[in-house]
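Structure file target-v8.cif; described as mmCIF, C-alpha atoms.
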data_model
loop_
_atom_site.label_atom_id
_atom_site.label_comp_id
_atom_site.auth_asym_id
_atom_site.auth_seq_id
_atom_site.Cartn_x
_atom_site.Cartn_y
_atom_site.Cartn_z
CA MET T 6 -173.40 186.08 77.82
CA LYS T 7 -174.45 183.44 80.33
CA LYS T 8 -175.90 181.30 77.56
CA LEU T 9 -172.69 181.59 75.56
CA TYR T 10 -170.69 180.60 78.62
CA ALA T 11 -172.95 177.59 79.19
CA LEU T 12 -172.54 176.52 75.55
CA LEU T 13 -168.76 176.74 75.85
CA LEU T 14 -168.82 174.59 78.99
CA LEU T 15 -171.07 172.07 77.28
CA ALA T 16 -168.74 171.93 74.27
CA LEU T 17 -165.74 171.45 76.54
CA PHE T 18 -167.54 168.71 78.42
CA ASN T 19 -168.43 166.95 75.18
CA GLN T 20 -164.78 167.11 74.10
CA VAL T 21 -163.72 165.48 77.36
CA ILE T 22 -166.29 162.73 76.89
CA MET T 23 -165.19 162.17 73.30
CA ALA T 24 -161.55 162.01 74.43
CA GLN T 25 -162.41 159.18 76.80
CA LYS T 26 -162.11 155.90 75.00
CA THR T 27 -165.08 153.59 75.28
CA VAL T 28 -164.18 150.08 76.40
CA THR T 29 -165.87 146.72 76.09
CA LEU T 30 -166.31 144.25 78.89
CA GLN T 31 -163.53 142.12 77.40
CA ASP T 32 -161.15 145.11 77.50
CA CYS T 33 -161.97 145.68 81.16
CA GLU T 34 -161.45 142.05 82.08
CA SER T 35 -158.06 141.95 80.36
CA GLN T 36 -156.90 144.99 82.31
CA PHE T 37 -158.43 143.58 85.49
CA LEU T 38 -156.47 140.33 85.23
CA SER T 39 -153.17 142.11 84.70
CA LYS T 40 -153.46 145.09 87.06
CA ASN T 41 -155.85 144.29 89.90
CA LEU T 42 -154.00 144.74 93.19
CA PHE T 43 -156.24 142.33 95.11
CA LEU T 44 -155.31 139.53 92.72
CA LEU T 45 -151.64 140.46 92.74
CA ALA T 46 -151.60 140.45 96.56
CA SER T 47 -153.51 137.17 96.77
CA GLN T 48 -151.03 135.56 94.39
CA TYR T 49 -148.45 135.86 97.17
CA ASN T 50 -150.51 133.46 99.30
CA ILE T 51 -149.95 130.77 96.67
CA ASP T 52 -146.24 131.52 96.55
CA ALA T 53 -146.08 131.40 100.36
CA SER T 54 -147.86 128.01 100.41
CA LYS T 55 -145.41 126.65 97.84
CA ALA T 56 -142.55 127.82 100.05
CA LEU T 57 -144.05 125.94 103.02
CA THR T 58 -144.25 122.79 100.88
CA ILE T 59 -140.56 123.17 100.08
CA GLN T 60 -139.81 123.63 103.76
CA ALA T 61 -141.86 120.57 104.73
CA ARG T 62 -139.62 118.36 102.57
CA ILE T 63 -136.47 119.45 104.42
CA TRP T 64 -135.15 117.32 107.28
CA ASP T 65 -133.67 118.78 110.42
CA ASN T 66 -129.99 119.59 110.23
CA PRO T 67 -127.55 117.21 111.93
CA THR T 68 -125.97 118.40 115.16
CA ILE T 69 -122.19 118.40 115.52
CA THR T 70 -120.55 118.66 118.93
CA ALA T 71 -116.92 119.16 119.93
CA GLU T 72 -115.24 118.78 123.31
CA LEU T 73 -111.74 120.29 123.64
CA ASN T 74 -109.57 120.20 126.74
CA ALA T 75 -109.28 123.59 128.45
CA TYR T 76 -106.65 122.71 131.14
CA ASN T 77 -104.67 119.53 131.87
CA PRO T 78 -103.69 119.58 135.59
CA GLU T 79 -101.37 116.55 135.24
CA ARG T 80 -99.21 118.34 132.71
CA ASN T 81 -100.04 121.87 133.86
CA GLN T 82 -100.95 122.76 130.28
CA TYR T 83 -103.82 124.79 128.80
CA PHE T 84 -105.68 123.54 125.71
CA ASP T 85 -103.91 120.21 125.68
CA ILE T 86 -105.50 118.83 122.51
CA GLY T 87 -102.48 117.30 120.82
CA LYS T 88 -101.61 113.63 120.47
CA GLU T 89 -101.26 113.18 124.23
CA GLY T 90 -104.13 115.54 125.09
CA GLN T 91 -107.93 115.21 125.04
CA LYS T 92 -110.56 116.01 122.44
CA ALA T 93 -113.92 114.50 121.48
CA PHE T 94 -116.28 114.97 118.52
CA GLY T 95 -119.83 113.84 117.89
CA VAL T 96 -122.56 114.07 115.25
CA GLU T 97 -126.28 113.36 115.67
CA GLN T 98 -129.22 113.20 113.24
CA LEU T 99 -132.92 113.16 114.13
CA ILE T 100 -134.78 110.37 112.30
CA TYR T 101 -138.57 110.82 112.00
CA LEU T 102 -140.69 107.78 112.72
CA GLY T 103 -144.41 107.08 112.28
CA GLY T 104 -144.66 108.78 108.87
CA LYS T 105 -144.33 112.31 110.30
CA LYS T 106 -142.43 113.79 107.39
CA ARG T 107 -144.65 112.11 104.80
CA ASN T 108 -147.82 113.41 106.46
CA GLU T 109 -146.32 116.89 106.87
CA ILE T 110 -145.47 117.05 103.16
CA LYS T 111 -148.93 115.89 102.10
CA LEU T 112 -150.55 118.46 104.41
CA ALA T 113 -148.39 121.23 102.98
CA GLN T 114 -149.26 120.19 99.43
CA THR T 115 -152.96 120.18 100.27
CA ASN T 116 -152.70 123.65 101.80
CA GLU T 117 -150.98 124.78 98.61
CA LYS T 118 -153.93 123.54 96.54
CA LEU T 119 -156.27 125.21 99.02
CA ALA T 120 -154.50 128.55 98.53
CA GLU T 121 -154.92 128.22 94.76
CA LEU T 122 -158.64 127.53 95.17
CA GLN T 123 -159.03 130.52 97.47
CA PHE T 124 -157.31 132.67 94.85
CA ASN T 125 -159.67 131.38 92.16
CA ASP T 126 -162.66 132.12 94.36
CA LEU T 127 -161.42 135.67 94.89
CA LEU T 128 -161.08 135.94 91.13
CA ARG T 129 -164.68 134.73 90.69
CA THR T 130 -165.99 137.25 93.25
CA LEU T 131 -164.09 140.22 91.83
CA LYS T 132 -165.01 139.27 88.27
CA LEU T 133 -168.69 139.38 89.20
CA GLN T 134 -168.23 142.78 90.85
CA LEU T 135 -166.44 144.04 87.74
CA ARG T 136 -169.22 142.94 85.41
CA LYS T 137 -171.97 144.29 87.66
CA SER T 138 -170.27 147.67 87.97
CA PHE T 139 -169.61 147.73 84.22
CA TYR T 140 -173.27 147.18 83.29
CA THR T 141 -174.51 149.48 86.05
CA VAL T 142 -172.37 152.37 84.83
CA TYR T 143 -173.43 151.75 81.23
CA TYR T 144 -177.19 151.71 81.82
CA ASN T 145 -177.04 154.52 84.37
CA THR T 146 -175.22 156.60 81.77
CA LYS T 147 -177.96 155.84 79.24
CA SER T 148 -180.58 157.03 81.72
CA LEU T 149 -178.60 160.19 82.39
CA GLU T 150 -178.35 160.92 78.69
CA THR T 151 -182.15 160.79 78.38
CA THR T 152 -182.71 162.93 81.47
CA ASP T 153 -180.07 165.48 80.43
CA ASN T 154 -181.68 165.79 77.00
CA GLN T 155 -185.03 166.55 78.59
CA LEU T 156 -183.48 168.97 81.06
CA THR T 157 -181.99 170.92 78.16
CA HIS T 158 -185.42 171.26 76.50
CA ILE T 159 -187.11 172.18 79.77
CA GLU T 160 -184.43 174.74 80.56
CA ASP T 161 -184.97 176.39 77.17
CA LEU T 162 -188.71 176.48 77.84
CA ILE T 163 -188.17 177.99 81.29
CA ASN T 164 -186.06 180.77 79.79
CA SER T 165 -188.72 181.47 77.15
CA TYR T 166 -191.59 181.33 79.65
CA THR T 167 -189.75 183.62 82.04
CA VAL T 168 -189.64 186.33 79.38
CA GLN T 169 -193.31 185.86 78.49
CA VAL T 170 -194.42 185.85 82.13
CA GLN T 171 -192.55 189.09 82.72
CA LYS T 172 -194.37 190.58 79.72
CA GLY T 173 -197.69 189.34 81.05
CA ASN T 174 -198.35 187.09 78.06
CA LEU T 175 -198.37 183.84 80.07
CA PRO T 176 -199.58 183.01 83.60
CA LEU T 177 -197.02 182.47 86.37
CA ARG T 178 -198.45 179.03 87.16
CA ASP T 179 -197.15 177.71 83.82
CA LEU T 180 -193.63 178.83 84.65
CA VAL T 181 -193.89 177.29 88.14
CA ARG T 182 -195.05 174.00 86.62
CA LEU T 183 -192.02 173.90 84.33
CA GLN T 184 -189.68 174.80 87.18
CA SER T 185 -191.21 172.07 89.34
CA LEU T 186 -190.74 169.53 86.54
CA TYR T 187 -187.14 170.69 86.12
CA LEU T 188 -186.36 170.28 89.84
CA ASN T 189 -188.01 166.86 89.89
CA PHE T 190 -185.79 165.68 87.03
CA LYS T 191 -182.75 167.15 88.74
CA ASN T 192 -183.46 165.22 91.95
CA GLU T 193 -184.02 161.95 90.08
CA ARG T 194 -180.84 162.59 88.13
CA MET T 195 -178.83 163.11 91.31
CA GLU T 196 -179.78 159.64 92.59
CA VAL T 197 -178.50 158.03 89.40
CA VAL T 198 -175.36 160.19 89.46
CA ASN T 199 -174.55 159.15 93.04
CA ASP T 200 -174.98 155.48 92.12
CA ASN T 201 -172.75 155.97 89.10
CA ILE T 202 -170.04 157.67 91.17
CA GLU T 203 -169.91 154.66 93.51
CA GLU T 204 -169.84 152.11 90.69
CA GLN T 205 -167.28 154.14 88.74
CA GLY T 206 -165.10 154.10 91.86
CA ASN T 207 -165.44 150.31 92.01
CA LEU T 208 -164.33 150.04 88.38
CA LYS T 209 -161.29 152.24 88.97
CA LEU T 210 -160.33 150.18 92.01
CA LEU T 211 -160.80 146.87 90.23
CA LEU T 212 -158.88 148.05 87.15
CA ASN T 213 -156.23 149.92 89.16
CA SER T 214 -156.91 152.97 86.99
CA GLN T 215 -157.27 156.69 87.62
CA GLU T 216 -159.36 157.37 84.51
CA ASN T 217 -163.12 157.06 84.26
CA VAL T 218 -164.35 154.00 82.44
CA VAL T 219 -166.82 154.59 79.59
CA PRO T 220 -168.51 151.20 78.99
CA GLU T 221 -169.82 150.15 75.60
CA VAL T 222 -172.38 147.34 75.29
CA SER T 223 -173.51 146.14 71.88
CA LYS T 224 -177.04 144.93 71.15
CA GLU T 225 -175.73 141.41 70.57
CA GLU T 226 -173.93 141.45 73.91
CA PHE T 227 -177.16 142.34 75.72
CA ASP T 228 -179.43 140.03 73.71
CA LYS T 229 -177.45 136.99 74.83
CA TYR T 230 -179.04 137.35 78.28
CA LEU T 231 -182.51 136.95 76.73
CA LYS T 232 -182.06 133.41 75.45
CA THR T 233 -184.14 130.71 77.11
CA ILE T 234 -182.35 128.44 79.58
CA PRO T 235 -184.52 125.72 81.16
CA PHE T 236 -184.19 125.23 84.89
CA ASP T 237 -182.37 122.00 85.73
CA LEU T 238 -181.21 122.13 89.35
CA LYS T 239 -179.35 118.81 89.18
CA ALA T 240 -177.40 119.80 86.05
CA PHE T 241 -176.63 123.27 87.43
CA GLU T 242 -175.53 121.80 90.76
CA ASP T 243 -173.27 119.24 89.07
CA GLU T 244 -171.58 122.01 87.07
CA ALA T 245 -171.20 124.21 90.15
CA ILE T 246 -169.62 121.35 92.09
CA VAL T 247 -167.03 120.95 89.35
CA ASN T 248 -166.49 124.64 88.59
CA ARG T 249 -166.87 126.61 91.81
CA PRO T 250 -163.56 127.05 93.65
CA ASP T 251 -165.22 127.76 97.00
CA TYR T 252 -167.02 124.38 96.81
CA LEU T 253 -163.80 122.62 95.83
CA ALA T 254 -162.09 124.45 98.70
CA LYS T 255 -164.60 122.95 101.14
CA GLN T 256 -163.71 119.49 99.88
CA LYS T 257 -160.00 120.28 100.02
CA ASP T 258 -160.41 121.65 103.54
CA ILE T 259 -161.79 118.28 104.69
CA GLU T 260 -158.85 116.53 103.03
CA ALA T 261 -156.41 118.89 104.77
CA ASN T 262 -158.05 118.28 108.15
CA GLU T 263 -157.90 114.50 107.63
CA LEU T 264 -154.20 114.80 106.89
CA ASN T 265 -153.75 116.97 109.96
CA VAL T 266 -155.32 114.26 112.13
CA LYS T 267 -152.86 111.73 110.67
CA TRP T 268 -149.98 114.11 111.21
CA GLN T 269 -150.93 114.80 114.81
CA LYS T 270 -151.20 111.06 115.49
CA SER T 271 -147.80 110.48 113.91
CA LEU T 272 -146.33 113.19 116.16
CA SER T 273 -147.18 110.99 119.15
CA VAL T 274 -144.71 108.38 117.86
CA PRO T 275 -141.25 109.01 119.40
CA ASP T 276 -138.45 109.90 117.00
CA ILE T 277 -135.01 108.36 117.18
CA THR T 278 -131.75 110.24 117.29
CA VAL T 279 -128.83 108.43 115.65
CA GLY T 280 -125.25 109.60 116.12
CA ALA T 281 -121.58 108.77 116.30
CA ASN T 282 -118.78 110.18 118.43
CA TYR T 283 -115.02 109.98 118.81
CA ASP T 284 -113.26 110.34 122.17
CA GLN T 285 -109.46 110.59 122.24
CA ARG T 286 -108.62 109.72 125.87
CA SER T 287 -111.52 110.03 128.35
CA GLY T 288 -113.44 106.94 127.36
CA ALA T 289 -112.96 103.34 128.46
CA PHE T 290 -109.98 103.21 126.16
CA ASN T 291 -108.03 105.60 123.98
CA LYS T 292 -109.31 106.77 120.58
CA GLU T 293 -112.74 105.43 121.34
CA ALA T 294 -115.39 105.49 118.51
CA ASN T 295 -119.02 105.00 119.54
CA LEU T 296 -122.49 104.74 118.00
CA THR T 297 -125.26 106.59 119.86
CA LEU T 298 -129.01 106.07 119.86
CA GLY T 299 -131.60 108.19 121.65
CA ILE T 300 -135.40 108.06 121.88
CA PRO T 301 -137.79 109.98 124.18
CA LEU T 302 -140.05 107.98 126.48
CA PRO T 303 -143.74 108.73 125.72
CA LEU T 304 -144.80 108.86 129.35
CA TRP T 305 -146.69 112.13 129.67
CA ASN T 306 -146.87 113.93 126.35
CA LYS T 307 -148.66 111.73 123.82
CA ASN T 308 -150.06 114.70 121.84
CA LYS T 309 -153.60 113.79 122.89
CA GLY T 310 -154.80 117.39 123.00
CA ASN T 311 -153.65 118.25 119.50
CA ILE T 312 -155.10 115.00 118.13
CA LYS T 313 -158.48 115.73 119.73
CA TYR T 314 -158.39 119.30 118.43
CA ALA T 315 -157.60 118.13 114.88
CA GLN T 316 -160.45 115.58 115.01
CA THR T 317 -162.87 118.28 116.18
CA ILE T 318 -161.87 120.63 113.36
CA LEU T 319 -162.30 117.74 110.90
CA GLU T 320 -165.86 117.08 112.06
CA GLN T 321 -166.61 120.79 111.91
CA SER T 322 -165.42 121.01 108.31
CA LYS T 323 -167.65 118.06 107.36
CA VAL T 324 -170.71 119.77 108.81
CA GLU T 325 -169.79 123.01 107.02
CA LYS T 326 -169.53 121.06 103.77
CA GLN T 327 -173.04 119.61 104.29
CA ASN T 328 -174.40 123.09 104.96
CA PHE T 329 -172.67 124.40 101.84
CA ASP T 330 -174.38 121.70 99.76
CA LEU T 331 -177.78 123.03 100.86
CA GLN T 332 -176.65 126.62 100.41
CA LEU T 333 -175.48 125.90 96.87
CA GLN T 334 -178.89 124.58 95.86
CA THR T 335 -180.55 127.67 97.32
CA GLU T 336 -178.13 130.02 95.56
CA ILE T 337 -178.67 128.34 92.19
CA THR T 338 -182.46 128.39 92.49
CA SER T 339 -182.51 132.00 93.64
CA ALA T 340 -180.11 133.21 90.92
CA TRP T 341 -182.05 131.45 88.15
CA ASN T 342 -185.41 132.79 89.39
CA LYS T 343 -184.06 136.37 89.52
CA TRP T 344 -182.69 136.13 85.99
CA ASP T 345 -185.78 134.45 84.55
CA GLU T 346 -188.12 137.00 86.16
CA SER T 347 -186.02 139.91 84.87
CA ARG T 348 -185.91 138.40 81.38
CA LYS T 349 -189.68 137.86 81.28
CA ASN T 350 -190.37 141.40 82.48
CA TYR T 351 -188.16 142.87 79.78
CA ILE T 352 -189.57 140.69 76.99
CA VAL T 353 -193.14 141.65 77.93
CA ILE T 354 -192.51 145.39 78.03
CA LYS T 355 -190.01 145.64 75.18
CA PRO T 356 -192.43 145.71 72.21
CA THR T 357 -194.55 148.55 73.59
CA VAL T 358 -191.74 150.68 75.03
CA ASN T 359 -189.17 150.36 72.28
CA SER T 360 -191.55 150.87 69.37
CA ASP T 361 -190.95 154.36 67.94
CA PHE T 362 -190.02 155.58 71.43
CA GLU T 363 -187.85 158.45 70.27
CA ALA T 364 -190.26 159.38 67.48
CA VAL T 365 -193.14 159.78 69.93
CA TYR T 366 -191.03 162.02 72.14
CA ASN T 367 -190.00 164.25 69.22
CA GLY T 368 -193.61 164.38 68.00
CA ILE T 369 -194.92 165.53 71.37
CA LEU T 370 -192.16 168.14 71.66
CA THR T 371 -192.92 169.48 68.16
CA ASN T 372 -196.67 169.63 68.81
CA PHE T 373 -196.12 171.48 72.07
CA GLN T 374 -193.90 174.02 70.36
CA LYS T 375 -196.71 174.51 67.78
CA ARG T 376 -199.21 174.93 70.65
CA ASN T 377 -201.16 171.85 69.51
CA ILE T 378 -201.09 170.41 73.05
CA SER T 379 -201.33 172.10 76.43
CA LEU T 380 -198.53 172.61 78.94
CA LEU T 381 -200.23 170.19 81.33
CA GLU T 382 -200.32 167.47 78.66
CA PHE T 383 -196.70 168.18 77.75
CA THR T 384 -195.36 168.03 81.33
CA ASP T 385 -197.36 164.87 82.04
CA PHE T 386 -195.86 163.26 78.96
CA MET T 387 -192.35 164.39 79.87
CA GLU T 388 -192.65 162.82 83.31
CA SER T 389 -194.06 159.60 81.87
CA TYR T 390 -191.44 159.49 79.14
CA ASN T 391 -188.56 160.00 81.54
CA GLN T 392 -189.88 157.35 83.93
CA ALA T 393 -190.40 154.89 81.07
CA ALA T 394 -186.92 155.52 79.63
CA VAL T 395 -185.23 155.17 83.02
CA GLN T 396 -187.27 152.07 83.89
CA LEU T 397 -186.40 150.49 80.55
CA ASN T 398 -182.70 150.97 81.29
CA GLU T 399 -183.29 149.59 84.79
CA LEU T 400 -184.93 146.50 83.29
CA LYS T 401 -182.01 145.99 80.94
CA LYS T 402 -179.59 146.46 83.81
CA LYS T 403 -181.42 143.90 85.95
CA VAL T 404 -181.42 141.38 83.11
CA ALA T 405 -177.65 141.74 82.64
CA LEU T 406 -176.84 141.77 86.37
CA SER T 407 -179.04 138.78 87.20
CA GLY T 408 -177.54 136.91 84.24
CA GLU T 409 -174.04 137.55 85.55
CA GLU T 410 -175.09 136.43 89.04
CA LEU T 411 -176.30 133.16 87.53
CA ASN T 412 -172.99 132.82 85.67
CA SER T 413 -171.07 133.40 88.89
CA THR T 414 -173.24 131.03 90.93
CA ILE T 415 -172.34 128.16 88.62
CA ASN T 416 -168.97 129.72 87.68
CA LYS T 417 -169.64 129.12 84.02
CA ASP T 418 -170.59 131.54 81.27
CA LEU T 419 -174.09 130.34 80.40
CA PHE T 420 -174.63 133.38 78.16
#

Can you give me the file's structure in the form of structure tokens?
Amino acid sequence: MKKLYALLLLALFNQVIMAQKTVTLQDCESQFLSKNLFLLASQYNIDASKALTIQARIWDNPTITAELNAYNPERNQYFDIGKEGQKAFGVEQLIYLGGKKRNEIKLAQTNEKLAELQFNDLLRTLKLQLRKSFYTVYYNTKSLETTDNQLTHIEDLINSYTVQVQKGNLPLRDLVRLQSLYLNFKNERMEVVNDNIEEQGNLKLLLNSQENVVPEVSKEEFDKYLKTIPFDLKAFEDEAIVNRPDYLAKQKDIEANELNVKWQKSLSVPDITVGANYDQRSGAFNKEANLTLGIPLPLWNKNKGNIKYAQTILEQSKVEKQNFDLQLQTEITSAWNKWDESRKNYIVIKPTVNSDFEAVYNGILTNFQKRNISLLEFTDFMESYNQAAVQLNELKKKVALSGEELNSTINKDLF
């Protein structure tokens, strides 16, 4: 009854797996670009920067003033604003001098470009995470399939040995050995399952999806990471300088800080206020029309503190850019070495591990069932086979992940 129940659960589980649609990396990336909440939220930063550029182009509104008589004591009349009364009107407009408005607009436009570069860098970072999680889930799943297949065979053997041990036909130590092997596989499986749960969660978050992702990787898609790419630091660095948004953002940050210094210096130039007013009776003569000019005297506030602060931030950004140049070279070298080492390790081991791998496993299992090999030989082989199968998937995973890290470091699909 228990076995029947287990078979029903297994069948139901297989139906669920079959119902889940396998997806390619291209499918995931399409959904990622359209549904990822991090990207959608970051897009608002660009829109906000564009709004600030619009605002920077707008001049201050003119100021209109009105002066109306409240009480005329000579005529004992309230609100005497008629032809014989008193009223005055004025209008003033602030005129920017020293290139303030021009510098403010340029700074806003630069910050807008900076926001776009920051968005592109977020896209680069999340895209790498998506690809790494995709390949991790795929190769972890392959390892689990191998382990689960062995666990099924071992479980059948444990059930058979349990009956024979109870009848006294087999020693207890053989059953204990099988149970120990079973528990060992279970523990190793749990580590892979936990890793898969975390990476599956990352995929769901990146894709804004509630359903599990079942990755599918073709042989051609994996083999592309095995092609030979010679190491050329200068060529890689030149491509990274052109392609990487975080590097371009460092350059744009220096440009923005230079514009900020100019803007702060221009703020020290006094602005002029131009206006006109009309006074009906209280001026030097009736119906007086005047032109007004006003300018602050730069006696105390010459914006020295803000200018010094802007210059300091500019120098800081230049040093950060120099440090990033060195960091970029280190990142490229490290990423290429990781990929090349992973590729070499896989190429060396591939001929011996892949050759008739499944056939050897089936042959050993058949020979054990025919009692042609001992239990000790069988369990030793099972352990070695499982380790080799899992390690092979780990090698493949490292090749793909290191290849994607190299792609991301240069921000160009080299594979």

Within 8 Å of (-127.0, 105.7, 116.1) (file coordinates; all atoms listed in the file), which protein or nucleic acid residues are there? I'd like them as an mmCIF file with C-alpha atoms, in the frame of the given file.
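As a result, result14.cif now contains:
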data_model
loop_
_atom_site.group_PDB
_atom_site.id
_atom_site.type_symbol
_atom_site.label_atom_id
_atom_site.label_comp_id
_atom_site.auth_asym_id
_atom_site.auth_seq_id
_atom_site.Cartn_x
_atom_site.Cartn_y
_atom_site.Cartn_z
ATOM 1 C CA GLU T 97 -126.280 113.360 115.670
ATOM 2 C CA THR T 278 -131.750 110.240 117.290
ATOM 3 C CA VAL T 279 -128.830 108.430 115.650
ATOM 4 C CA GLY T 280 -125.250 109.600 116.120
ATOM 5 C CA ALA T 281 -121.580 108.770 116.300
ATOM 6 C CA LEU T 296 -122.490 104.740 118.000
ATOM 7 C CA THR T 297 -125.260 106.590 119.860
ATOM 8 C CA LEU T 298 -129.010 106.070 119.860
ATOM 9 C CA GLY T 299 -131.600 108.190 121.650
#

Practice item. Could you list the residues chosen by the PyMOL selection byres ((chain T and resi 382-389) around 12) in this structure as a PyMOL selection string? Key: chain T and resi 151-152+154-156+158-159+162+179-190+193+358+362+365-381+390-397

**Study point:** Contacts of stretch 195-212 of chain T within 7 Å, all atoms listed in the file, excl. fewer than 3 positions in-chain, as a PyMOL selection string
**Key:** chain T and resi 36-37+40-41+135+138+142+145+191-192+215+217-218

Within 9 Å of T:Leu333, counting only C-alpha atoms, which residues show up once you throw out same-chain ones fewer than 2 positions away? Write them as an mmCIF file with C-alpha atoms, keeping the file's coordinate frame, please.
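Saved to result_34.cif:
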data_model
loop_
_atom_site.group_PDB
_atom_site.id
_atom_site.type_symbol
_atom_site.label_atom_id
_atom_site.label_comp_id
_atom_site.auth_asym_id
_atom_site.auth_seq_id
_atom_site.Cartn_x
_atom_site.Cartn_y
_atom_site.Cartn_z
ATOM 1 C CA GLU T 242 -175.530 121.800 90.760
ATOM 2 C CA ALA T 245 -171.200 124.210 90.150
ATOM 3 C CA ILE T 246 -169.620 121.350 92.090
ATOM 4 C CA TYR T 252 -167.020 124.380 96.810
ATOM 5 C CA ASN T 328 -174.400 123.090 104.960
ATOM 6 C CA PHE T 329 -172.670 124.400 101.840
ATOM 7 C CA ASP T 330 -174.380 121.700 99.760
ATOM 8 C CA LEU T 331 -177.780 123.030 100.860
ATOM 9 C CA THR T 335 -180.550 127.670 97.320
ATOM 10 C CA GLU T 336 -178.130 130.020 95.560
ATOM 11 C CA ILE T 337 -178.670 128.340 92.190
ATOM 12 C CA THR T 338 -182.460 128.390 92.490
ATOM 13 C CA THR T 414 -173.240 131.030 90.930
#

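Shortest atom-to-atom contact with T:Glu109 among T:Ala261, T:Ile352, T:Leu38, T:Leu175: T:Ala261, counting all atoms listed in the file.
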
Practice item. Please provide as a ChimeraX atom specification all residues within 8 Å of stretch 302-315 of chain T, with the sequence filter that same-chain residues fewer than 2 positions apart are discarded (counting only C-alpha atoms). Key: /T:262,265-266,269-270,272-275,300,317-319

Exercise for review: May I ask which of the residues T:Gln321, T:Asn77, T:Asn248, T:Thr68 is the closest one to T:Glu89, counting only C-alpha atoms?
Suggested key: T:Asn77

Point to revise | Option closest in space to T:Leu45, from T:Leu128, T:Thr146, T:Asp243, T:Tyr83 [counting all atoms listed in the file] | key: T:Leu128

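Each of T:Ala61, T:Gln327, T:Glu410, T:Leu231 was compared to T:Trp341 using all atoms listed in the file, and T:Glu410 turns out to be the nearest.
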
Point to revise | For atom CA of T:Asn125 and atom CA of T:Arg249, the interatomic separation in Å (one decimal) | key: 8.6 Å

Point to revise | Ground truth for the PyMOL selection byres ((chain T and resi 90) around 8), written as a PyMOL selection string | key: chain T and resi 74+77+85-89+91-92+285-286

Practice item. Up to 9 Å from (-171.5, 144.6, 74.9) in the file's coordinates: name the residues, counting all atoms listed in the file, as a list in words. Key: Thr29, Leu30, Gln31, Tyr140, Pro220, Glu221, Val222, Ser223, Lys224, Glu225, Glu226 and Phe227 of chain T

**Study point:** Nearest-residue call for T:Ala93, choices T:Lys118, T:Lys239, T:Lys292, T:Lys417, using all atoms listed in the file
**Key:** T:Lys292

Report, as JSON, the centre and edge lengths in Å (one decimal) of the axis-aligned box enclosing every listed atom of stretch 286-305 of chain T, padded by 3 Å on each side.
{"center_x": -127.4, "center_y": 107.7, "center_z": 123.8, "size_x": 44.7, "size_y": 14.9, "size_z": 17.7}

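Taking only C-alpha atoms into account, T:Leu122 lies nearest to T:Ala254 out of the set T:Val96, T:Ile59, T:Ala254, T:Val170.
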
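Atom CA of T:Gln123 is positioned 27.5 Å from atom CA of T:Asp237.
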